[in-house]
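Contents: one structure, followed by commentary.
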Amino acid sequence: MPDLSANHDSSSEEAVVVFDNVSLHFGETVALDQVSFRINRGQTWVFLGEAGSGKTQLCKVIMGLVRPDSGRVTVFGDEITSLGERDMFAIRSKIGMLFQESALFDSMTIEENVAYPLENQPVRHCGREQIHDRVVEALRFVELEQTLTKVPSELSGGMRRRVGIARATVTAPPLAIYDSPTAGLDPITANNIMAFIAKQRDLKGTTSVIVSHRYQDGVLMANYYYDEPQGRLVAATGDRLAAVRTTFVVMRDGRIVFLGPQTELEASTDPYVSKFGRR
Amino acid sequence: MLDLLKPSFLEFQEFFYLASRALKNLFRKPHYWDDVLLQMDVIGVGSLPIVSLIGAFSGIVMALQMSRAVAQYGAASQTGTFVAIVLVRELGPVLTALLVAGRNASGIASEIGSMKVTEQIDAMRALGTDPTQKLVTPRMLALAVVLPLLTIIADFVGLCGGFLIGKFRLNISAAQYWNSAQQALVWNDVAQGLLKPFLFSFVISLVGCFYGMRTTGGTQGVGRSTTEAVVVSSVWVFILDVFVTQIFVNM
């Protein structure tokens with residue numbers, strides 16, 4: 001089996017996200033405790049852990065939605081911990097984020113939802129016609145182009161998640177963060193969602209951060225790739241497997257207790273870590 | 001004691017931080033005029049029926065009560081004077097503000113609160129908009145325009161209500177009623193009658209937005225912040241009313 005984490009800490013590659021001793025507290029509760037890691041361009045990182053282990057807060061720190069108490073966070077080479085809200089918008093426009101419960105704006109139609117980042121990001125300017133085309137393209141990517149005029153409450157949970165993916169990726173961001181993309185979905189729908197995430201990664205070369213409590217999601221990302229001619233996920237072998245560089249992280253009470261490739265995760269003897277390394 | 005006061009001071013400070021950001025946004029791009037118009041429609045046009053209804057009834061009740069009280073001094077024909085002064089100075093602004101606080105501070109808090117607990121506020125920030133600019137400032141602006149207008153309507157409908165009582169129960173002629181009402185009002189009355197709703201509008205919109213924005217804890221939290229928004233904005237309407245009245249009475 002090839003080393004999946006090949007050069008994941010080599011400094012010659014372009015770093016997308018760097019955490020350096022980041023801590024975050026909410027009153028007494030610890031959300032993140034001295035977290036350090038480095039995500040390079042084109043990699044896939046899967047964060048596993050129990051509810052309340054700080055996974056969602058980690059996503060929000062990358063996005064600059066929550067400011068850490070200490071430590072340094074660098075995103076696309078910019079230190080974001082000291083940036084003001086207005087300066088953050090330029091960096092956020094390079095990141096797509098799928099929120100836990102999709103967080104679609106329920107007063108707007110699906111089209112308006114997906115068009116929102118195109119219309120509102122201060123650094124992006126494109127015409128009305130172009131916006132419509134890109135929205136349709138993004139929705140076609142998740143096979144939902146027929147829902148343009150519907151409102152979020154008319155869609156099922158899985159469909160809302162797919163619209164969320166479309167909205168997060170409509171601007172073709174180089175980094176995409178997926179917060180619990182499969183939470184609360186049945187296994188078949190969950191695998192569908194993961195297929196769209198892998199498709200986005202493999203066709204657009206998006207650096208992907210996936211937060212999940214399902215190990216299968218990580219396994220899928222690490223061992224499968226999206227094959228365009230066949231239009232579905234295909235088990236990766238040989239060269240392909242090496243290309244699908246996936247790093248697994250297990251978190252507990254805001255701390256990273258494991259960081260490494262799938263093989264090491266499955267070999268772990270730590271009772272907490274091995275709980276997440278079972279299929 | 002200090003520990004007891006700390007949370008309230010913190011809350012106060014956060015409120016003023018939000019208020020100052022919302023005000024600053026008036027002079028910064030982008031402006032969401034669509035949202036301002038939408039909120040004017042929701043708050044202004046939506047409150048019109050209830051505000052006119054309550055205005056009419058308060059005018060009627062005021063005329064009935066006043067006519068009895070002033071009849072002791074043989075001045076029942078001056079009912080219009082009293083109705084006009086009380087309505088324009090006090091009842092119109094305060095009753096309208098309380099109604100709008102009950103109807104819209106709660107609406108604002110629950111709408112923004114639901115958006116907060118479903119991460120839509122975070123999504124807004126993630127997708128390139130400042131929630132204070134997109135949500136708070138339009139509501140503040142809309143209410144600042146609409147509440148004085150609603151108050152004017154409530155005052156007018158109230159005067160009409162008083163007129164009905166004057167005409168059909170007290171046998172005051174139309175000319176006499178409207179003349180006395182018009183003569184009773186001086187610029188001072190009109191000024192405070194319009195300044196009050198203008199100031200109240202900021203209390204209502206900002207308190208509603210503030211409690212909405214700090215909602216935590218799911219649907220239960222939305223209920224809690226809705227209640228808090230109504231209670232706190234109503235109390236502050238009265239507190240502000242005391243100060244403004246005090247200033248104008250001394251003028």
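Ligands are numbered from 1 in the order shown, residues from 1 within each chain, and chains are lettered A, B, ... in the order they appear in the structure tokens.
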If you run DSSP on the backbone, which residues of range 2-236 of chain A are helix (DSSP H, G or I), as a ChimeraX atom specification? /A:55-62,85-92,110-120,128-141,145-147,152-154,157-169,187-204,215-223
**Asked** Pro173 in chain A: which residues within 7 Å, counting only C-alpha atoms, same-chain residues fewer than 5 positions away excluded, as an MDAnalysis selection string?
**Response** chainID A and resid 94:96
Residues of the last selection are to be written out with N, CA, C and O atoms, as a tab-separated table (two decimals), in the first residue's frame.
chain	number	residue	atom	x	y	z
A	94	LYS	N	-12.06	32.66	-1.24
A	94	LYS	CA	-11.28	31.55	-1.80
A	94	LYS	C	-11.66	30.23	-1.14
A	94	LYS	O	-11.09	29.19	-1.45
A	95	ILE	N	-12.58	30.29	-0.19
A	95	ILE	CA	-12.96	29.07	0.53
A	95	ILE	C	-14.46	28.83	0.35
A	95	ILE	O	-15.26	29.75	0.49
A	96	GLY	N	-14.82	27.60	0.04
A	96	GLY	CA	-16.23	27.24	0.01
A	96	GLY	C	-16.54	26.45	1.26
A	96	GLY	O	-15.73	25.64	1.69
What's around range 161-164 of chain B at 12 Å? Count only C-alpha atoms, leave out sequence neighbours fewer than 3 positions away in its own chain, and write the answer as a PyMOL selection string. chain B and resi 52-67+77-87+154-158+167-181
Write out as a PyMOL selection string which residues come within 9 Å of range 147-156 of chain A when counting only C-alpha atoms, dropping same-chain ones fewer than 6 positions away.
chain A and resi 104-113+135-136+139+163
Give me, as an mmCIF file with C-alpha atoms, in the first residue's frame, the contact residues of chain B against chain A at a cut-off of 10 Å, counting only C-alpha atoms.
data_model
loop_
_atom_site.group_PDB
_atom_site.id
_atom_site.type_symbol
_atom_site.label_atom_id
_atom_site.label_comp_id
_atom_site.auth_asym_id
_atom_site.auth_seq_id
_atom_site.Cartn_x
_atom_site.Cartn_y
_atom_site.Cartn_z
ATOM 1 C CA LYS B 29 -21.104 50.353 0.862
ATOM 2 C CA PRO B 30 -22.790 48.075 -0.026
ATOM 3 C CA MET B 115 -31.046 32.299 11.205
ATOM 4 C CA LYS B 116 -28.457 32.309 13.963
ATOM 5 C CA VAL B 117 -29.238 28.841 15.304
ATOM 6 C CA THR B 118 -29.352 27.316 11.823
ATOM 7 C CA GLU B 119 -25.936 28.864 11.039
ATOM 8 C CA GLN B 120 -27.395 31.115 8.339
ATOM 9 C CA ILE B 121 -25.690 34.116 9.936
ATOM 10 C CA ASP B 122 -22.349 32.324 9.732
ATOM 11 C CA ALA B 123 -23.155 31.322 6.159
ATOM 12 C CA MET B 124 -23.817 34.965 5.343
ATOM 13 C CA ARG B 125 -20.414 35.940 6.652
ATOM 14 C CA ALA B 126 -18.803 33.004 4.879
ATOM 15 C CA LEU B 127 -20.383 34.015 1.576
ATOM 16 C CA GLY B 128 -19.185 37.593 1.687
ATOM 17 C CA THR B 129 -21.794 39.698 3.480
ATOM 18 C CA ASP B 130 -21.661 41.477 6.792
#
task: Give me, please, the distance in Å between CA of Val61 in chain A and CA of Asp87 in chain A, quoted to one decimal.
output: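 Computed distance, CA of Val61 in chain A to CA of Asp87 in chain A, equals 15.0 Å.
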Practice item. If you run DSSP over the backbone, which residues in range 29-271 of chain A end up strand (DSSP E)? Put them as a PyMOL selection string. Key: chain A and resi 29-40+44-49+70-75+78-79+95-98+175-179+207-211+224-227+232-235+246-252+255-260
Export of the given selection (C-alpha atoms) as a PDB file, in the first residue's frame:
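Result went into again_15.pdb, see below:
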ATOM      1  CA  THR A  29     -15.286  24.616  27.745  1.00  0.00           C
ATOM      2  CA  VAL A  30     -12.287  23.934  25.567  1.00  0.00           C
ATOM      3  CA  ALA A  31     -13.079  23.900  21.859  1.00  0.00           C
ATOM      4  CA  LEU A  32      -9.535  23.690  20.503  1.00  0.00           C
ATOM      5  CA  ASP A  33      -6.424  22.928  22.506  1.00  0.00           C
ATOM      6  CA  GLN A  34      -3.007  23.653  20.962  1.00  0.00           C
ATOM      7  CA  VAL A  35      -3.900  22.401  17.526  1.00  0.00           C
ATOM      8  CA  SER A  36      -1.176  22.426  14.880  1.00  0.00           C
ATOM      9  CA  PHE A  37      -1.202  21.060  11.348  1.00  0.00           C
ATOM     10  CA  ARG A  38      -0.465  22.047   7.779  1.00  0.00           C
ATOM     11  CA  ILE A  39      -2.709  21.382   4.792  1.00  0.00           C
ATOM     12  CA  ASN A  40      -1.064  21.593   1.379  1.00  0.00           C
ATOM     13  CA  THR A  44      -7.739  15.829   1.393  1.00  0.00           C
ATOM     14  CA  TRP A  45      -8.030  15.988   5.161  1.00  0.00           C
ATOM     15  CA  VAL A  46     -10.628  14.057   7.100  1.00  0.00           C
ATOM     16  CA  PHE A  47     -11.320  15.165  10.670  1.00  0.00           C
ATOM     17  CA  LEU A  48     -13.007  12.554  12.843  1.00  0.00           C
ATOM     18  CA  GLY A  49     -14.119  12.776  16.451  1.00  0.00           C
ATOM     19  CA  SER A  70      -4.131  32.067  20.969  1.00  0.00           C
ATOM     20  CA  GLY A  71      -1.957  30.670  18.226  1.00  0.00           C
ATOM     21  CA  ARG A  72      -1.574  31.576  14.573  1.00  0.00           C
ATOM     22  CA  VAL A  73      -3.764  30.566  11.646  1.00  0.00           C
ATOM     23  CA  THR A  74      -2.454  31.116   8.136  1.00  0.00           C
ATOM     24  CA  VAL A  75      -4.776  30.658   5.170  1.00  0.00           C
ATOM     25  CA  ASP A  78      -2.207  35.314   5.032  1.00  0.00           C
ATOM     26  CA  GLU A  79      -2.169  35.359   8.790  1.00  0.00           C
ATOM     27  CA  ILE A  95     -12.961  29.068   0.532  1.00  0.00           C
ATOM     28  CA  GLY A  96     -16.233  27.245   0.011  1.00  0.00           C
ATOM     29  CA  MET A  97     -17.988  25.944   3.087  1.00  0.00           C
ATOM     30  CA  LEU A  98     -20.808  23.501   3.509  1.00  0.00           C
ATOM     31  CA  LEU A 175     -10.313  25.167  -0.786  1.00  0.00           C
ATOM     32  CA  ALA A 176     -13.588  23.564   0.276  1.00  0.00           C
ATOM     33  CA  ILE A 177     -14.638  22.769   3.839  1.00  0.00           C
ATOM     34  CA  TYR A 178     -17.440  20.295   4.430  1.00  0.00           C
ATOM     35  CA  ASP A 179     -18.832  20.280   7.956  1.00  0.00           C
ATOM     36  CA  THR A 207      -8.235  21.043  -1.574  1.00  0.00           C
ATOM     37  CA  SER A 208     -10.805  19.395   0.686  1.00  0.00           C
ATOM     38  CA  VAL A 209     -11.360  19.446   4.424  1.00  0.00           C
ATOM     39  CA  ILE A 210     -14.049  17.043   5.557  1.00  0.00           C
ATOM     40  CA  VAL A 211     -15.367  16.885   9.084  1.00  0.00           C
ATOM     41  CA  TYR A 224     -11.910   6.189  -4.536  1.00  0.00           C
ATOM     42  CA  TYR A 225     -11.738   8.784  -7.236  1.00  0.00           C
ATOM     43  CA  TYR A 226     -14.353  10.217  -9.553  1.00  0.00           C
ATOM     44  CA  ASP A 227     -14.085   8.819 -13.035  1.00  0.00           C
ATOM     45  CA  ARG A 232     -19.244   7.576 -10.815  1.00  0.00           C
ATOM     46  CA  LEU A 233     -16.738   6.781  -8.070  1.00  0.00           C
ATOM     47  CA  VAL A 234     -14.180   4.130  -8.938  1.00  0.00           C
ATOM     48  CA  ALA A 235     -11.840   2.290  -6.584  1.00  0.00           C
ATOM     49  CA  THR A 246      -5.780  11.756   2.281  1.00  0.00           C
ATOM     50  CA  THR A 247      -4.749  12.507   5.829  1.00  0.00           C
ATOM     51  CA  PHE A 248      -6.869  11.423   8.776  1.00  0.00           C
ATOM     52  CA  VAL A 249      -7.105  13.404  11.991  1.00  0.00           C
ATOM     53  CA  VAL A 250      -8.877  12.194  15.122  1.00  0.00           C
ATOM     54  CA  MET A 251      -9.886  14.830  17.658  1.00  0.00           C
ATOM     55  CA  ARG A 252     -10.871  14.536  21.280  1.00  0.00           C
ATOM     56  CA  ARG A 255      -6.957  18.067  20.922  1.00  0.00           C
ATOM     57  CA  ILE A 256      -5.531  16.188  17.984  1.00  0.00           C
ATOM     58  CA  VAL A 257      -4.991  12.643  19.254  1.00  0.00           C
ATOM     59  CA  PHE A 258      -4.128  11.122  15.892  1.00  0.00           C
ATOM     60  CA  LEU A 259      -2.779  12.480  12.630  1.00  0.00           C
ATOM     61  CA  GLY A 260      -1.690  10.235   9.798  1.00  0.00           C
TER      62      GLY A 260
END
If you count only C-alpha atoms, the residue of A:Leu58, A:Leu203, A:Val22, A:Asn192 closest to Leu220 in chain A turns out to be A:Asn192
CA of Ile112 in chain B to CA of Met213 in chain B measures 6.2 Å
When you look at Ser205 in chain B with a cut-off of 8 Å (counting only C-alpha atoms), what residues show up, excluding the ones that are within fewer than 6 positions of it in the same chain? I need them as a list in words.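 The neighbour list is Asn104, Ala105, Ile108, Val136, Arg139, Met140 and Leu143 of chain B.
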With distances taken over only C-alpha atoms, the candidate from B:Gly212, B:Phe27, B:Phe248, B:Leu4 nearest Trp187 in chain B is B:Phe248
note - CA of Val186 in chain B and CA of Gly92 in chain B are separated by 16.0 Å
Q: Compile the contact shell of Gly102 in chain B as JSON, numbers by chain: residues with an atom at most 12 Å away, counting only C-alpha atoms, same-chain residues fewer than 6 positions apart removed.
A: {"B": [43, 47, 50, 51, 95, 96, 108, 109, 110, 204, 205, 207, 208, 226, 227, 228, 229, 230, 231, 232, 233, 234, 235, 237]}
- [ ] Measuring atom to atom with only C-alpha atoms, identify which of A:Gly238, A:Gly157, A:Gly205, A:Gly277 is nearest to Thr182 in chain A.
- [x]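 The closest residue to Thr182 in chain A is A:Gly157.
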